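J.: Below you'll find the structure I mean.
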Amino acid sequence: VYVELSVQTAERESHSGLGGSIFPNAAWRLVWALRSLKDEDEKILISGFYDDIQPPSEKDLDLLAANNNFYELHFENIGGLVMPLIIRATFVDGTEEIIRIPAEVWMRDNYNISKVFIFEEEVVSFRLDPFLETGDTNLNNNAWPKEVKPSRYQLFQEKKMNENPMQRQKRMN
């Protein structure tokens with residue numbers, strides 16, 4: 001459920017010295033509107049909100065009790081070409097797992113999808129297209145946490161400044 005609230009009252013500022021206490025207050029109207037959506041126990045008060053909700057199954061309860069790690073990843077198809085998703089998950093203990101999701105994943109929405117992954121181990125990083133198998137042209141947005149890579153200019157400058165012993169000897173002669 002998505003709810004967006006907006007309130008409009010007076011077109012100009014009115015504080016207590018100008019009779020502000022007799023005019024409607026937008027902030028209080030929003031407070032009262034929010035108060036009508038949930039109660040103190042976090043129960044949603046919108047009529048019919050709970051009608052289609054089913055209680056969790058035994059399998060769902062077992063999954064929650066297993067103390068697994070849940071990760072929700074969001075993917076955006078920036079270029080418009082649908083491709084499979086190849087994801088490398090690296091865990092705390094250094095092991096890795098490759099997850100391959102076929103291109104049909106984009107059938108519902110060509111631009112944005114989300115997937116939930118459940119692992120027993122804690123993940124320290126995710127890498128999209130780790131083997132460079134797809135036509136991805138921007139590799140800078142393929143990792144979590146974000147990997148900072150030097151630019152080509154920075155690599156050129158670094159190469160220019162770091163000389164090996166043979167280069168040093170040649171310079172000295």
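Here, A, B, ... name the chains of the structure tokens in the order displayed, residue numbers run from 1 inside each chain, and ligands are numbered from 1 in the same displayed order.
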Write down as JSON, numbers by chain the residues belonging to stretch 11-172 of chain A that are assigned strand (DSSP E or B) by DSSP computed on the backbone.

T.: {"A": [38, 44, 69, 70, 71, 72, 73, 74, 75, 76, 85, 86, 87, 88, 89, 90, 91, 96, 97, 98, 99, 100, 101, 112, 113, 114, 115, 116, 117, 118, 119, 123, 124, 125, 126, 127, 128, 143, 144]}

J.: Since we have the selection now, will you write its residues out, keeping C-alpha atoms, as a PDB file, in the first residue's frame?

T.:
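Saved to result-v3.pdb:
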ATOM      1  CA  LYS A  38      -2.029   3.381  12.438  1.00  0.00           C
ATOM      2  CA  ILE A  44      -2.975  -0.432  10.185  1.00  0.00           C
ATOM      3  CA  ASN A  69      20.669 -13.583   6.161  1.00  0.00           C
ATOM      4  CA  PHE A  70      18.213 -11.926   3.751  1.00  0.00           C
ATOM      5  CA  TYR A  71      19.425  -9.601   1.006  1.00  0.00           C
ATOM      6  CA  GLU A  72      17.205  -7.670  -1.382  1.00  0.00           C
ATOM      7  CA  LEU A  73      19.006  -6.549  -4.528  1.00  0.00           C
ATOM      8  CA  HIS A  74      17.589  -4.012  -6.955  1.00  0.00           C
ATOM      9  CA  PHE A  75      18.627  -4.096 -10.601  1.00  0.00           C
ATOM     10  CA  GLU A  76      18.106  -1.357 -13.166  1.00  0.00           C
ATOM     11  CA  LEU A  85      21.975 -11.474 -14.358  1.00  0.00           C
ATOM     12  CA  ILE A  86      25.181 -13.143 -13.222  1.00  0.00           C
ATOM     13  CA  ILE A  87      25.909 -12.342  -9.590  1.00  0.00           C
ATOM     14  CA  ARG A  88      28.878 -13.305  -7.432  1.00  0.00           C
ATOM     15  CA  ALA A  89      28.207 -13.270  -3.694  1.00  0.00           C
ATOM     16  CA  THR A  90      31.333 -13.235  -1.519  1.00  0.00           C
ATOM     17  CA  PHE A  91      30.873 -14.372   2.064  1.00  0.00           C
ATOM     18  CA  GLU A  96      31.892 -17.355  -3.173  1.00  0.00           C
ATOM     19  CA  GLU A  97      28.665 -18.373  -4.841  1.00  0.00           C
ATOM     20  CA  ILE A  98      27.666 -17.606  -8.437  1.00  0.00           C
ATOM     21  CA  ILE A  99      23.968 -17.013  -9.073  1.00  0.00           C
ATOM     22  CA  ARG A 100      22.723 -17.064 -12.671  1.00  0.00           C
ATOM     23  CA  ILE A 101      19.308 -15.600 -13.411  1.00  0.00           C
ATOM     24  CA  ASN A 112      13.644  -2.413 -12.766  1.00  0.00           C
ATOM     25  CA  ILE A 113      13.517  -5.666 -10.835  1.00  0.00           C
ATOM     26  CA  SER A 114      14.236  -6.766  -7.286  1.00  0.00           C
ATOM     27  CA  LYS A 115      15.309 -10.175  -6.062  1.00  0.00           C
ATOM     28  CA  VAL A 116      15.604 -11.510  -2.520  1.00  0.00           C
ATOM     29  CA  PHE A 117      18.449 -13.870  -1.705  1.00  0.00           C
ATOM     30  CA  ILE A 118      18.675 -15.976   1.447  1.00  0.00           C
ATOM     31  CA  PHE A 119      22.060 -17.213   2.653  1.00  0.00           C
ATOM     32  CA  VAL A 123      27.634 -11.605   2.536  1.00  0.00           C
ATOM     33  CA  VAL A 124      30.454  -9.044   2.396  1.00  0.00           C
ATOM     34  CA  SER A 125      30.086  -8.156  -1.294  1.00  0.00           C
ATOM     35  CA  PHE A 126      28.008  -8.654  -4.417  1.00  0.00           C
ATOM     36  CA  ARG A 127      29.409  -8.333  -7.957  1.00  0.00           C
ATOM     37  CA  LEU A 128      27.257  -8.221 -11.081  1.00  0.00           C
ATOM     38  CA  ALA A 143      29.405  -3.879  -7.099  1.00  0.00           C
ATOM     39  CA  TRP A 144      28.224  -3.592  -3.533  1.00  0.00           C
TER      40      TRP A 144
END

J.: Quick one: pull the distance between atom CA of A:Gln169 and atom CA of A:Phe156, Å, one decimal.

T.: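 Taking atom CA of A:Gln169 as the start and atom CA of A:Phe156 as the end point, the length is 21.2 Å.
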
J.: Fewer than 4 positions away in the same chain doesn't count, so skip those; otherwise give me all residues within 12 Å of A:Leu30, counting only C-alpha atoms, as an MDAnalysis selection string.

T.: chainID A and resid 4:9 24:26 34:37

J.: Write out as a list in words the residues lying within 12 Å of A:Ala66, counting only C-alpha atoms and excluding same-chain residues fewer than 5 positions away.

T.: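 Once the nearby chain positions are removed, what remains is Lys59, Asp60, Leu61, Ile118, Phe119, Glu120 and Glu121 of chain A.
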
J.: May I ask for the distance between atom CA of A:Val105 and atom CA of A:Asp52, given in Å to one decimal place?

T.: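 Answer for the atom CA of A:Val105 to atom CA of A:Asp52 separation: 26.3 Å.
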
J.: Measure the distance from atom CA of A:Tyr111 to atom CA of A:Leu81 in Å and round it to one decimal.

T.: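 For atom CA of A:Tyr111 relative to atom CA of A:Leu81, the distance reads 9.4 Å.
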
J.: Determine the nearest neighbour of A:Asn142 from the options A:Gln154, A:Thr95, A:Asn77, A:Asn164, counting only C-alpha atoms.

T.: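 Nearest to A:Asn142: A:Asn77.
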
J.: Give me, as a PyMOL selection string, the residues of stretch 2-155 of chain A that a backbone DSSP run labels helix (DSSP H, G or I).

T.: chain A and resi 16-18+20-22+26-35+58-65+103-107+139-141+152-155
